[in-house]
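Source file: model-v4.tsv (TSV, C-alpha atoms)
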```tsv
chain	number	residue	atom	x	y	z
O	1	MET	CA	66.58	-28.98	127.31
O	2	PRO	CA	64.27	-31.97	126.70
O	3	SER	CA	64.65	-34.87	129.07
O	4	ALA	CA	65.85	-38.28	128.00
O	5	HIS	CA	62.24	-39.42	128.30
O	6	THR	CA	61.00	-36.89	125.75
O	7	LYS	CA	63.80	-37.40	123.23
O	8	SER	CA	62.94	-39.30	120.11
O	9	ARG	CA	63.72	-42.98	120.35
O	10	LEU	CA	64.64	-45.51	117.71
O	11	GLY	CA	61.43	-47.32	116.96
O	12	SER	CA	59.43	-44.11	116.90
O	13	ARG	CA	58.79	-41.83	113.96
O	14	GLY	CA	61.04	-39.18	115.45
O	15	LYS	CA	64.26	-40.55	113.96
O	16	PRO	CA	63.21	-41.61	110.48
O	17	GLU	CA	66.66	-42.01	108.95
O	18	GLU	CA	68.03	-44.08	111.83
O	19	THR	CA	64.89	-46.18	112.01
O	20	ARG	CA	64.80	-46.79	108.26
O	21	ALA	CA	68.50	-47.73	108.24
O	22	ALA	CA	68.01	-50.19	111.11
O	23	ILE	CA	65.09	-51.83	109.31
O	24	LEU	CA	67.07	-52.11	106.07
O	25	GLN	CA	70.09	-53.66	107.78
O	26	ALA	CA	67.87	-56.23	109.47
O	27	ALA	CA	66.01	-56.85	106.21
O	28	VAL	CA	69.21	-57.47	104.23
O	29	ARG	CA	70.26	-60.06	106.81
O	30	GLU	CA	66.87	-61.81	106.89
O	31	PHE	CA	66.33	-61.83	103.13
O	32	ALA	CA	69.89	-63.06	102.57
O	33	GLN	CA	69.34	-65.96	104.93
O	34	ALA	CA	65.75	-66.91	104.09
O	35	GLY	CA	64.89	-65.34	100.74
O	36	ILE	CA	61.77	-63.28	100.21
O	37	SER	CA	59.41	-66.23	100.56
O	38	GLY	CA	60.93	-67.49	103.80
O	39	ALA	CA	61.72	-64.13	105.40
O	40	ARG	CA	59.47	-62.97	108.25
O	41	THR	CA	58.70	-59.32	108.82
O	42	ASP	CA	58.26	-60.10	112.54
O	43	THR	CA	61.91	-61.20	112.66
O	44	ILE	CA	63.04	-58.10	110.76
O	45	ALA	CA	61.09	-55.77	113.03
O	46	GLN	CA	62.45	-57.43	116.17
O	47	ALA	CA	66.05	-57.29	114.88
O	48	ALA	CA	65.63	-53.62	113.98
O	49	GLY	CA	64.18	-52.78	117.39
O	50	VAL	CA	60.85	-51.55	116.03
O	51	ASN	CA	57.30	-52.83	116.12
O	52	LYS	CA	55.70	-54.35	113.06
O	53	ALA	CA	53.31	-51.46	112.58
O	54	LEU	CA	56.22	-49.04	112.33
O	55	LEU	CA	57.96	-51.30	109.80
O	56	TYR	CA	54.89	-51.07	107.59
O	57	TYR	CA	54.82	-47.31	108.12
O	58	TYR	CA	58.16	-47.11	106.30
O	59	PHE	CA	57.61	-49.98	103.85
O	60	GLN	CA	54.10	-50.80	102.73
O	61	ASP	CA	54.64	-54.55	102.29
O	62	LYS	CA	57.31	-57.25	102.25
O	63	GLU	CA	57.94	-56.90	98.51
O	64	THR	CA	58.60	-53.19	98.91
O	65	LEU	CA	60.96	-53.86	101.80
O	66	TYR	CA	62.76	-56.53	99.79
O	67	GLY	CA	63.27	-54.09	96.92
O	68	ALA	CA	64.58	-51.46	99.32
O	69	ALA	CA	67.01	-54.01	100.81
O	70	LEU	CA	68.34	-54.74	97.33
O	71	ASP	CA	68.81	-51.01	96.67
O	72	HIS	CA	70.49	-50.55	100.04
O	73	SER	CA	73.04	-53.26	99.30
O	74	LEU	CA	73.68	-52.35	95.68
O	75	SER	CA	74.04	-48.65	96.44
O	76	GLN	CA	76.95	-49.50	98.75
O	77	LEU	CA	78.65	-51.61	96.10
O	78	SER	CA	78.03	-49.04	93.38
O	79	ALA	CA	79.38	-46.14	95.45
O	80	GLN	CA	82.62	-47.97	96.22
O	81	MET	CA	83.17	-49.25	92.69
O	82	MET	CA	82.36	-45.92	91.05
O	83	GLU	CA	84.84	-44.22	93.37
O	84	VAL	CA	87.53	-46.52	91.97
O	85	LEU	CA	86.43	-45.99	88.38
O	86	HIS	CA	86.67	-42.21	88.72
O	87	ARG	CA	90.29	-42.28	89.86
O	88	GLN	CA	92.88	-41.06	87.41
O	89	LEU	CA	94.71	-44.34	86.85
O	90	PRO	CA	96.35	-45.96	83.80
O	91	PRO	CA	94.19	-48.74	82.28
O	92	ARG	CA	96.18	-51.64	83.74
O	93	GLU	CA	96.25	-50.23	87.23
O	94	MET	CA	92.58	-49.29	86.96
O	95	ILE	CA	91.51	-52.84	86.13
O	96	THR	CA	93.58	-54.50	88.84
O	97	THR	CA	92.47	-51.90	91.40
O	98	TYR	CA	88.84	-52.36	90.43
O	99	VAL	CA	88.93	-56.15	90.52
O	100	GLY	CA	90.76	-56.14	93.85
O	101	ALA	CA	88.26	-53.70	95.35
O	102	TYR	CA	85.35	-55.73	93.99
O	103	PHE	CA	86.76	-58.94	95.47
O	104	ASP	CA	87.27	-57.24	98.83
O	105	PHE	CA	83.70	-55.94	98.85
O	106	ILE	CA	82.19	-59.33	98.04
O	107	ALA	CA	84.44	-61.06	100.58
O	108	GLY	CA	83.52	-58.54	103.26
O	109	HIS	CA	79.75	-58.48	102.69
O	110	PRO	CA	78.39	-62.02	102.98
O	111	PHE	CA	74.80	-60.87	103.35
O	112	TYR	CA	75.11	-58.82	100.15
O	113	ARG	CA	76.41	-61.72	98.10
O	114	ASN	CA	73.81	-64.14	99.46
O	115	LEU	CA	71.01	-61.65	98.87
O	116	MET	CA	72.11	-61.03	95.28
O	117	GLN	CA	72.47	-64.75	94.58
O	118	ARG	CA	68.87	-65.20	95.65
O	119	GLU	CA	67.75	-62.26	93.52
O	120	MET	CA	69.58	-63.58	90.46
O	121	LEU	CA	67.73	-66.87	90.80
O	122	ARG	CA	64.45	-65.05	91.30
O	123	ALA	CA	65.12	-62.82	88.29
O	124	ALA	CA	65.30	-65.91	86.08
O	125	TYR	CA	61.58	-66.35	86.74
O	126	GLY	CA	60.68	-62.68	86.62
O	127	SER	CA	61.68	-60.32	89.43
O	128	PRO	CA	59.94	-56.93	89.50
O	129	HIS	CA	63.15	-55.35	90.80
O	130	MET	CA	65.79	-56.46	88.31
O	131	PRO	CA	64.99	-53.92	85.54
O	132	ARG	CA	65.37	-51.07	88.05
O	133	LEU	CA	68.54	-52.52	89.56
O	134	ALA	CA	70.09	-53.00	86.14
O	135	LYS	CA	69.31	-49.44	85.08
O	136	ARG	CA	70.43	-47.83	88.33
O	137	TYR	CA	73.50	-49.87	89.24
O	138	PHE	CA	74.65	-52.55	86.82
O	139	ASN	CA	74.42	-50.57	83.58
O	140	PRO	CA	76.46	-47.56	84.80
O	141	LEU	CA	79.19	-49.81	86.19
O	142	SER	CA	79.31	-51.90	83.02
O	143	ALA	CA	79.42	-48.80	80.83
O	144	LYS	CA	82.28	-47.28	82.82
O	145	LEU	CA	84.21	-50.55	82.76
O	146	ALA	CA	83.70	-50.74	79.00
O	147	GLU	CA	85.22	-47.25	78.70
O	148	VAL	CA	88.28	-48.40	80.64
O	149	ILE	CA	88.67	-51.49	78.47
O	150	HIS	CA	88.28	-49.53	75.23
O	151	ALA	CA	90.84	-46.99	76.48
O	152	GLY	CA	93.27	-49.81	77.30
O	153	ILE	CA	92.80	-51.34	73.85
O	154	ALA	CA	93.40	-47.97	72.21
O	155	SER	CA	96.58	-47.41	74.22
O	156	GLY	CA	97.90	-50.86	73.39
O	157	ASP	CA	97.78	-52.03	77.01
O	158	PHE	CA	94.92	-54.49	76.49
O	159	ARG	CA	94.19	-57.18	73.95
O	160	LYS	CA	91.17	-56.63	71.74
O	161	VAL	CA	88.30	-58.05	73.75
O	162	ASP	CA	84.57	-57.42	73.77
O	163	PRO	CA	83.58	-55.77	77.09
O	164	MET	CA	80.13	-57.35	76.77
O	165	HIS	CA	81.78	-60.72	77.28
O	166	PHE	CA	84.86	-59.82	79.28
O	167	VAL	CA	83.14	-57.90	82.10
O	168	PRO	CA	80.68	-60.72	83.00
O	169	SER	CA	83.57	-63.21	82.87
O	170	MET	CA	85.59	-61.01	85.19
O	171	VAL	CA	82.71	-60.72	87.64
O	172	ALA	CA	82.09	-64.47	87.48
O	173	LEU	CA	85.68	-65.16	88.58
O	174	VAL	CA	84.81	-63.52	91.87
O	175	ILE	CA	81.16	-64.43	92.36
O	176	PHE	CA	81.37	-68.12	91.47
O	177	TYR	CA	84.09	-68.73	94.02
O	178	PHE	CA	81.85	-67.56	96.86
O	179	ALA	CA	78.73	-69.20	95.46
O	180	SER	CA	80.49	-72.55	95.23
O	181	ALA	CA	82.34	-72.28	98.55
O	182	PRO	CA	80.15	-74.90	100.33
O	183	VAL	CA	80.79	-77.40	97.52
O	184	MET	CA	84.52	-76.73	97.50
O	185	LYS	CA	84.66	-77.19	101.27
O	186	ALA	CA	82.81	-80.50	101.01
O	187	VAL	CA	85.13	-81.73	98.26
O	188	SER	CA	88.47	-80.54	99.63
O	189	GLY	CA	87.82	-80.44	103.37
O	190	VAL	CA	89.41	-76.98	103.41
O	191	ASP	CA	87.52	-73.79	104.20
O	192	PRO	CA	87.68	-71.64	101.02
O	193	LEU	CA	86.57	-68.62	103.02
O	194	SER	CA	89.45	-68.66	105.47
O	195	SER	CA	91.64	-65.56	105.40
O	196	GLU	CA	94.52	-67.54	103.89
O	197	ARG	CA	92.41	-69.02	101.09
O	198	LEU	CA	90.76	-65.69	100.33
O	199	ALA	CA	94.16	-64.03	99.95
O	200	GLU	CA	95.24	-66.79	97.58
O	201	ARG	CA	92.03	-66.53	95.58
O	202	ARG	CA	92.30	-62.74	95.32
O	203	ALA	CA	95.83	-63.05	93.93
O	204	ALA	CA	94.72	-65.79	91.54
O	205	VAL	CA	91.82	-63.68	90.22
O	206	LEU	CA	94.10	-60.69	89.59
O	207	ASP	CA	96.63	-62.93	87.87
O	208	PHE	CA	93.94	-64.51	85.69
O	209	VAL	CA	92.44	-61.17	84.65
O	210	SER	CA	95.87	-59.74	83.88
O	211	ALA	CA	96.83	-62.77	81.79
O	212	ALA	CA	93.55	-62.66	79.89
O	213	LEU	CA	93.51	-58.91	79.21
O	214	PHE	CA	96.97	-57.40	79.28
O	215	ARG	CA	99.17	-57.41	76.20
O	216	ARG	CA	102.62	-58.71	76.98
O	217	VAL	CA	105.75	-56.78	76.11
O	218	GLU	CA	108.15	-58.79	73.97
O	219	SER	CA	111.79	-59.05	74.99
O	220	ALA	CA	112.76	-56.91	71.99
O	221	GLY	CA	110.56	-54.12	73.24
O	222	GLY	CA	107.57	-54.69	70.98
O	223	ARG	CA	104.13	-55.93	71.90
O	224	GLN	CA	102.53	-59.21	71.05
```

Represent the supplied structure as structure tokens.
Amino acid sequence: MPSAHTKSRLGSRGKPEETRAAILQAAVREFAQAGISGARTDTIAQAAGVNKALLYYYFQDKETLYGAALDHSLSQLSAQMMEVLHRQLPPREMITTYVGAYFDFIAGHPFYRNLMQREMLRAAYGSPHMPRLAKRYFNPLSAKLAEVIHAGIASGDFRKVDPMHFVPSMVALVIFYFASAPVMKAVSGVDPLSSERLAERRAAVLDFVSAALFRRVESAGGRQ
């Protein structure tokens, strides 16, 4: 049996998956906090427990590492949201389950939301990563959500809405709250990210989406 001294260590090339994962986790944190221009690969390497040379062994430059950090974060979101979308649920329950799960993910992953906010701003001026991210993650999720909405319209559960407009509006209900949290705190003096406020906001988002999308049953038994 090899001794502890001869076993592969994190920071060597002997544990590539663990080393790569550690670098990506550190990169997501650094890019979320400083953006690609302000992020330092020295800081990422130190946080990951590797030397800088090994970081560049896995990722050829900072731009490549930044793109991998985006993929790492979005793959987590996509996996969780697609799992919800593939459940066998009625349209109404599917939408509320999806929105609730999406809210919970964004609330629970501050580095993800900060990283994506920075990338959205960068994309406005031409990000080399956005076309790939859209094709790999955003488009499949949007297409699946559109299927759910069309199914709900066909069944009479949903009002006739255009998914191309409704889905971004639904996402914005969640994202804008977190993006504007510092402003809301300055204005109100209350922390919008406290557990109590987050629970209230989650309920408010679900209520808003339901009111905007669901057809109401009339007292006589018909639908409006």

Neighbour list for Ala212 of chain O as a list in words, cut-off 10 Å, only C-alpha atoms, skip fewer than 3 positions in-chain: Phe158, Arg159, Val161, Phe166, Met170, Leu206, Asp207, Phe208, Val209 and Arg215 of chain O

Quick one: everything within 12 Å of Leu54 of chain O, counting only C-alpha atoms, minus sequence neighbours fewer than 3 positions away in the same chain. Send it as a PyMOL selection string. chain O and resi 10-16+19-20+22-23+41-42+44-46+48-51+57-61

Box time for segment 131-139 of chain O: axis-aligned, enclosing all its listed atoms, 6 Å extra on each side; report centre and edge lengths in Å to one decimal, as lines of an AutoDock Vina configuration file.
```
center_x = 69.8
center_y = -50.9
center_z = 86.6
size_x = 21.7
size_y = 18.1
size_z = 18.0
```

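If all atoms listed in the file are the atoms counted, then among O:Ala47, O:Val171, O:Ala123, O:Ile95 the closest residue to Val148 of chain O is O:Ile95.
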
Which residue out of O:Arg40, O:Arg92, O:Arg122, O:His129 has the minimum interatomic distance to Ala68 of chain O when all atoms listed in the file are used?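 For Ala68 of chain O, the nearest of the candidates is O:His129.
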
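The gap separating atom CA of Pro163 of chain O from atom CA of Gly67 of chain O is 28.4 Å, in Å to one decimal.
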
Given only C-alpha atoms as the basis, pick out the residue of O:Ile36, O:Leu115, O:Ile106, O:Val28 nearest to Leu198 of chain O.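 Among O:Ile36, O:Leu115, O:Ile106, O:Val28, it is O:Ile106 that comes nearest to Leu198 of chain O.
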
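Taking atom CA of Tyr137 of chain O as the reference point, atom CA of Ala179 of chain O is found at 21.0 Å.
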
Nearest candidate to Ser127 of chain O (options O:Phe178, O:Phe105, O:Phe111, O:Tyr66; using all atoms listed in the file):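 Answer, going by the shortest atom-to-atom distance: O:Tyr66.
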
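Comparing the minimum interatomic distances between Lys135 of chain O and each of O:Met81, O:Phe214, O:Val183, O:Asp71, counting all atoms listed in the file, we find that O:Asp71 sits nearest.
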
For Met130 of chain O, which residue among O:Glu196, O:Met116, O:His165, O:Gln80 is the nearest when counting only C-alpha atoms?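 Counting only C-alpha atoms, the residue closest to Met130 of chain O is O:Met116.
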
As a list in words, please: the residues near Thr97 of chain O (cut-off 12 Å, only C-alpha atoms, same-chain neighbours under 2 positions excluded).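 The contact residues come out as Gln80, Met81, Met82, Glu83, Val84, Leu85, His86, Arg87, Gln88, Leu89, Pro90, Pro91, Arg92, Glu93, Met94, Ile95, Val99, Gly100, Ala101, Tyr102, Phe103, Asp104, Arg202, Ala203, Val205, Leu206, Val209 and Ser210 of chain O.
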
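The two atoms in question, atom CA of Ala211 of chain O and atom CA of Ser180 of chain O, are spaced 23.3 Å apart.
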
Polymer residues at most 6 Å from Ala39 of chain O, only C-alpha atoms, same-chain spacing of 5 or more positions, as a list in words: Glu30, Phe31 and Ala34 of chain O

What's around Asp162 of chain O at 9 Å? Count all atoms listed in the file, leave out sequence neighbours fewer than 5 positions away in its own chain, and write the answer as a PyMOL selection string. chain O and resi 146+149-150+167

Please, could you write that set of residues out with C-alpha atoms as a PDB file, in the frame of the given file?
```pdb
ATOM      1  CA  ALA O 146      83.700 -50.740  79.000  1.00  0.00           C
ATOM      2  CA  ILE O 149      88.670 -51.490  78.470  1.00  0.00           C
ATOM      3  CA  HIS O 150      88.280 -49.530  75.230  1.00  0.00           C
ATOM      4  CA  VAL O 167      83.140 -57.900  82.100  1.00  0.00           C
TER       5      VAL O 167
END
```
